[in-house]
Amino acid sequence: MGYSVFRSRGLLTVSAAALSLALLAPAYAQTAAPGQSDDNVPESTVANDPQSEQAEEAPEVVVTGSRIRVTPGFDTPNPVVSLSAETIQSSGTTNLTDFLTSYPALQGSSSSADNSGSGAGIGATGLNLLDLRNLGTERTLVLVDGRRHVAGLPGSAAVDINTIPNDLVQRVEVLTGGASAIYGADGVTGVVNFILKKDFEGLTARAQAGISEYGDAGQRLISVTAGKNFAGGRGNVALAYEYSSEDRLQERDRKRLSGTERTGFYLNPDDPENQSGYTGGATNGIPDYVPLKDVRYYDTNREGGIDVNADGFPDYFVGFGGGLTAFDPGRFVPNFYQQGGNGTSISDYVNDLLPDVRRHVANAIAHFDVSDKVTIFAEGKYANTRSYSLGQPTYDYYLLTQPDNPFLPAGALAANQAATAAGACDDPDTGDLEACEILVNRDNFDLGRRGEDITRETWRGVIGVRGELSSHLNYEASYTYGRTDVTSRYIGDILDDRFYAAIDVVQGPNGPTCRVNVDPTAVPNQPYNSTRDVFAPTTFAAGQCIPLNIFGENRNSQAALDWIRTDTTDRARIEQHVASAYLSGDLGGLFTLPGGAVAFSVGAEYRKEKSRFIPDAIAAQGLTFTNALTTDAGEYDVKEVFGELRIPLIRNGFVHQLEVGGAVRYSDYSTIGNTTSWKVDGSFAPVRDITFTGTYSKAVRAPNIGELFSGLSQTFEFITDPCNTNELPNGTQYRAANCAALLGGLGADPATFRDTRSSNIPGFQGGNANLRQEEATTWTVGAILQPRFVPGLSLRADWYDIRLENAINTVAPEQIAQLCVDQPTLDNVFCGGIVRQNGGATPGFITGFTVTPQNVAEFRTAGLDVNLNYRLRTDTLGTFNLSVVGNYLDRLQFVGTPGADVTNRRQESLYRAPKYTVTGDLTWQKGPVTINYGIQWFDKTLRFSNLEIEGNEDIVAPEYFWLKQRWQHDVYAAFDVNDQFQIYGGVNNVFGQRPDIGTTTYPVSSVGRFGFVGARMKL
């Protein structure tokens, strides 16, 4: 059998799934008024007649989702949620992504908690990436002041939110729906626009610190901003610096997640369905999965499980005192675990829950009014983010050990010789006499835990000019340059050629030594498999090898360990150039309609994206536990023209308001050719108390650099074979027949097929130069209520529907294996990505895979957003603000190939897709005191996928079918000592809700209660 070496474990338990929602924040949000200068909830006057004196004096701004200057209001056609700087501060977290995931549209985003330990993809430790509507980070466009921002992940357009300075954010605007017509590709699900503060005069500073109830998971933030007007107020320059840190948190820091108390869901040892050869029905009333404690790997040991007869199961190990001890298999837990006994405990493989993250962000902002018609502006930013996290230790299976190894315990050698004499390893087919080989399965904690130490440096600069050509026409032209340099240091890499040479030990003239030291022509011990991959000496010469004793823990010198270990470093650079110019204004100088002047915007943009990845020279050769990576480089450019129109048909006529609008963008890509995006929208208010809105758009996303140009690189993944007899009920109605045909053709018996390997499988991943653009059809319909009889109340409800066709999709290897047999036939694009053993000792076993993106998928999501704001002013009791942001998820679906069955993801915990989600806040302010109470709730979610539970009612006992609801309560208080100084503090997760049984981070994180205090100064 062929098994990979030094790869990360695949923990097949729900507790090991990357299900994380980080600490969330008390917040009050507003929908609409996204461009208003006041960061608070809209005044009741804004909700009243726009022709009122207050509305007439409101400044014109550019609303996210449009380049047309409009008067702010709650009735924009596009649903936009706006979150203020005060809201961010009251959240208590220094991580913007953790804050944003409290809002339904962004709860599927990828935060630091997702990208820590072995849960992070290679080079992804510490990244914070936003994901609108659970349709992928690559489909969420992140802007800063309406302009693009350079990516933080090589080959992608995904922006690392760590580069956005917390304290410089004036507000965050979240626009749902296709925004490609306004901003170009990548906005098929919407836009998140970070709008920064400007026109600083004086000095502001803020300091904050927070810590969990356990005294860990600390966060700190320090920020200073200084600004100065000059030239009689015609110019302004400001400098801002921010430092923040987030402490590393390990699973072993939580008692319930470590030791024998750690609980996960595993296949039920007492369920006949989970036994090889079971031929009964899909359900028998016995739960398929049950919660178990003290679970261990059944075929390996920290001290080295010694298999003397090569049957794949350890017989002995070397105990603490150096003596040979019989291996205790405990109670077998399918497919490859044991409960009790002395296999390696699952809890020994605990990971980091949070990485260590250190951020330095410096910004410079300036503008100068050359005249009343011309303003020059410039921005500069440098961000340095360092993320550190440790994952799993190294391990290896089926190491071949020669009988002349002097470290081999004498008892094990004698048992091996006895097994050989008894004919235990003779070929049963030919009758040939064969000697039993000695194998060792070792979870090698002596070598330490592997990890990543990643530094990301981001430079971004903007220079431009804006102004007015007339009272009806204004302009802006700008150039933006961005660059991200990534240095990824991988800690604890193992040099494969040195390792295999070091464990092939013989007795030398001066004691144990490596075989290659006395016989330079010897080929070191190979992994026990059919292919016998060659690890001939590459990084050393004969005579340099230091022998390694793999029998027992802590039996080697530091020199022996250091000789096989190395740290490797990958480097990447991402560059972005954007030149943009547009005119906007209205036709009021020529004519007006009953509703006002027709407004418009026209412009052009040129954008160039470049990405380059250079792997470590040693790692690129496949000589370490990391993967054999290729040097990847790619670039593309796009030339675009765009236009937007807003037509106010009626205002204060026989109906209160009627307005329509639209936008179109034509793009010419150097990679895929021409594309066109467009949208139409409108708003209708029969009376001023209620407004109906709607949008319809066709949005386009072009494939990114990684999807197009990445070369094939080696990777390793754990795959649970969907054709295992116990997995057949967990797929579509096609799975059983497809598996029977597939396995039968390879010489395997479908009725008894079971792959119980607990090691990872080698494969390849890369890009696809033949990709085309994906297209999204998005529509929204909404109603806005601002009743005059309830001043201060604003209520908006919007139904959204997003359908993504010809979607670019890269699925995980295990999903490829599932999709192959879950389609109507085996003639599909996924089956070609899985390689299985044809004949031999293990017919049908998956031996390899190839993962590339394809234009084959369809995504669909729809739901209802509800946003309520109510402000009540009183003469004696102060001011009360109530804010509620809610979502009903009607559908979240995936179709693997055209014509295939729909995969339903709604209510699945893995996709953080509850049916109902609510974030609510009540804020009271009187004089210098502000108090906020926040609640974050979402509905119960499924422990297993919809596909797994359909037709398999006994997959788990009823009490474990659902993961519990999220109930997080937060409190915040602030006191203005005077006009220049404020102190504040709060507690998140006041009642200490914990993750559900079998999980580490769901429905809340394992951080627990989190308290914070801070101070703000303004001079």
# chains A, B, ... in the order shown; residues from 1 in each chain; ligands from 1
$ residues_around --residues "Val350 (chain A)" --least-positions-apart "5" --cutoff "8 Å" --atoms "only C-alpha atoms" --output "list in words"
Gln250, Glu251, Arg252, Leu257, Ser258, Gly391 and Gln392 of chain A
$ select_by_dssp --residues "region 778-1011 of chain A" --states "alpha helix (DSSP H)" --output "list in words"
Pro813, Glu814, Gln815, Ile816, Ala817, Gln818, Leu819, Cys820, Val821, Asp822, Asn946, Leu947, Glu948 and Ile949 of chain A
$ residues_around --residues "Gly985 (chain A)" --least-positions-apart "5" --cutoff "7 Å" --atoms "only C-alpha atoms" --output "PDB file with C-alpha atoms, in the first residue's frame"
ATOM      1  CA  TYR A 972     -20.554  48.379  26.140  1.00  0.00           C
ATOM      2  CA  ALA A 973     -20.291  51.657  28.031  1.00  0.00           C
ATOM      3  CA  ALA A 974     -18.490  54.928  27.307  1.00  0.00           C
ATOM      4  CA  PHE A1012     -11.977  45.220  26.965  1.00  0.00           C
ATOM      5  CA  VAL A1013     -11.200  48.771  28.055  1.00  0.00           C
ATOM      6  CA  GLY A1014      -9.992  51.749  26.095  1.00  0.00           C
TER       7      GLY A1014
END
$ closest_atom_pairs --of "region 183-274 of chain A" --to "region 339-348 of chain A" --cutoff "12 Å" --atoms "only C-alpha atoms" --output "Markdown table"
| residue | atom | partner | partner_atom | distance |
| --- | --- | --- | --- | --- |
| A:Gln250 | CA | A:Ser347 | CA | 11.7 |
| A:Glu251 | CA | A:Ser347 | CA | 8.9 |
| A:Arg252 | CA | A:Ser347 | CA | 8.2 |
| A:Asp253 | CA | A:Ser347 | CA | 11.8 |
| A:Arg254 | CA | A:Ser347 | CA | 11.3 |
| A:Lys255 | CA | A:Ser347 | CA | 10.6 |
| A:Arg256 | CA | A:Ser347 | CA | 10.2 |
| A:Leu257 | CA | A:Ser347 | CA | 7.3 |
| A:Ser258 | CA | A:Ser347 | CA | 5.1 |
| A:Gly259 | CA | A:Ser347 | CA | 5.5 |
| A:Thr260 | CA | A:Ser347 | CA | 7.3 |
| A:Glu261 | CA | A:Ser347 | CA | 8.7 |
| A:Arg262 | CA | A:Ser347 | CA | 6.5 |
| A:Thr263 | CA | A:Ser347 | CA | 9.2 |
| A:Gly264 | CA | A:Ile346 | CA | 9.5 |
| A:Tyr266 | CA | A:Gln339 | CA | 10.3 |
| A:Leu267 | CA | A:Gln339 | CA | 11.6 |
| A:Asn268 | CA | A:Gln339 | CA | 11.2 |
| A:Pro269 | CA | A:Gln339 | CA | 9.7 |
$ write_last_selection --atoms "C-alpha atoms" --output "mmCIF file, in the first residue's frame"
data_model
loop_
_atom_site.group_PDB
_atom_site.id
_atom_site.type_symbol
_atom_site.label_atom_id
_atom_site.label_comp_id
_atom_site.auth_asym_id
_atom_site.auth_seq_id
_atom_site.Cartn_x
_atom_site.Cartn_y
_atom_site.Cartn_z
ATOM 1 C CA GLN A 250 -4.207 26.971 21.381
ATOM 2 C CA GLU A 251 -6.822 24.257 21.716
ATOM 3 C CA ARG A 252 -4.888 22.816 24.638
ATOM 4 C CA ASP A 253 -5.670 26.066 26.486
ATOM 5 C CA ARG A 254 -9.278 24.890 26.743
ATOM 6 C CA LYS A 255 -9.729 21.833 28.972
ATOM 7 C CA ARG A 256 -12.762 20.544 27.070
ATOM 8 C CA LEU A 257 -10.750 20.452 23.840
ATOM 9 C CA SER A 258 -7.708 18.566 25.085
ATOM 10 C CA GLY A 259 -6.799 15.332 26.831
ATOM 11 C CA THR A 260 -9.232 12.475 27.268
ATOM 12 C CA GLU A 261 -12.104 14.960 27.694
ATOM 13 C CA ARG A 262 -12.008 16.000 24.053
ATOM 14 C CA THR A 263 -15.244 14.863 22.406
ATOM 15 C CA GLY A 264 -15.830 14.288 18.722
ATOM 16 C CA TYR A 266 -17.119 9.240 15.122
ATOM 17 C CA LEU A 267 -18.608 6.265 13.340
ATOM 18 C CA ASN A 268 -20.522 4.154 15.830
ATOM 19 C CA PRO A 269 -18.577 0.961 16.669
#
$ residues_around --residues "Arg133 (chain A)" --least-positions-apart "6" --cutoff "9 Å" --atoms "only C-alpha atoms" --output "VMD selection string"
chain A and resid 104 to 109 140 176 189 to 190 861 to 862 892
$ write_last_selection --atoms "C-alpha atoms" --output "JSON list (two decimals), in the first residue's frame"
[["chain", "number", "residue", "atom", "x", "y", "z"],
["A", 104, "PRO", "CA", -25.73, 38.23, 8.02],
["A", 105, "ALA", "CA", -24.36, 39.08, 4.58],
["A", 106, "LEU", "CA", -20.75, 38.52, 5.73],
["A", 107, "GLN", "CA", -21.01, 35.74, 8.31],
["A", 108, "GLY", "CA", -19.30, 33.27, 5.98],
["A", 109, "SER", "CA", -16.12, 35.35, 5.77],
["A", 140, "THR", "CA", -16.57, 39.91, -3.07],
["A", 176, "THR", "CA", -25.61, 43.46, -1.93],
["A", 189, "THR", "CA", -22.12, 39.23, -5.13],
["A", 190, "GLY", "CA", -21.60, 42.80, -4.00],
["A", 861, "THR", "CA", -28.77, 32.11, -3.16],
["A", 862, "ALA", "CA", -31.84, 34.09, -2.18],
["A", 892, "LEU", "CA", -28.08, 28.45, -0.80]]
$ residues_around --residues "Leu96 (chain A)" --least-positions-apart "5" --cutoff "8 Å" --atoms "only C-alpha atoms" --output "ChimeraX atom specification"
/A:88,161-162,166
$ residues_around --residues "region 647-650 of chain A" --least-positions-apart "4" --cutoff "8 Å" --atoms "only C-alpha atoms" --output "list in words"
Leu593, Pro594, Gly595, Gly596, Ala597, Val598, Ala599, Val655, His656, Gln657, Leu658, Glu659, Val660 and Gly661 of chain A
$ closest_residue --among "A:Val440, A:Ala560, A:Leu864, A:Leu292" --to "Tyr316 (chain A)" --atoms "only C-alpha atoms"
A:Val440
$ atom_distance --atom1 "CA of Trp779 (chain A)" --atom2 "CA of Ser580 (chain A)"
27.6 Å
$ residues_around --residues "Asp890 (chain A)" --least-positions-apart "6" --cutoff "10 Å" --atoms "only C-alpha atoms" --output "list in words"
Trp799, Tyr800, Asp801, Thr861, Ala862, Gly863, Leu864, Arg906, Gln907, Pro914, Lys915 and Tyr916 of chain A
$ closest_residue --among "A:Arg358, A:Ala378, A:Tyr960, A:Val333" --to "Gly998 (chain A)" --atoms "only C-alpha atoms"
A:Tyr960
$ select_by_dssp --residues "region 345-553 of chain A" --states "strand (DSSP E)" --output "ChimeraX atom specification"
/A:352-354,356-369,374-401,438-470,473-494,505-508,511-514
$ closest_residue --among "A:Glu640, A:Asp432, A:Asp294, A:Asp632" --to "Tyr337 (chain A)" --atoms "only C-alpha atoms"
A:Asp294
$ closest_atom_pairs --of "region 141-214 of chain A" --to "region 478-500 of chain A" --cutoff "9 Å" --atoms "only C-alpha atoms" --output "tab-separated table"
residue	atom	partner	partner_atom	distance
A:Arg147	CA	A:Thr480	CA	8.1
A:Arg148	CA	A:Thr480	CA	7.9
A:His149	CA	A:Gly482	CA	6.8
A:Val150	CA	A:Gly482	CA	5.0
A:Ala151	CA	A:Thr484	CA	7.1
A:Gly152	CA	A:Thr484	CA	6.3
A:Leu153	CA	A:Val486	CA	8.5
A:Pro154	CA	A:Val486	CA	8.3
$ closest_residue --among "A:Pro995, A:Asn904, A:Arg248, A:Arg573" --to "Asp216 (chain A)" --atoms "only C-alpha atoms"
A:Arg248
$ closest_residue --among "A:Ala572, A:Val790, A:Ile164, A:Leu439" --to "Ile550 (chain A)" --atoms "only C-alpha atoms"
A:Leu439
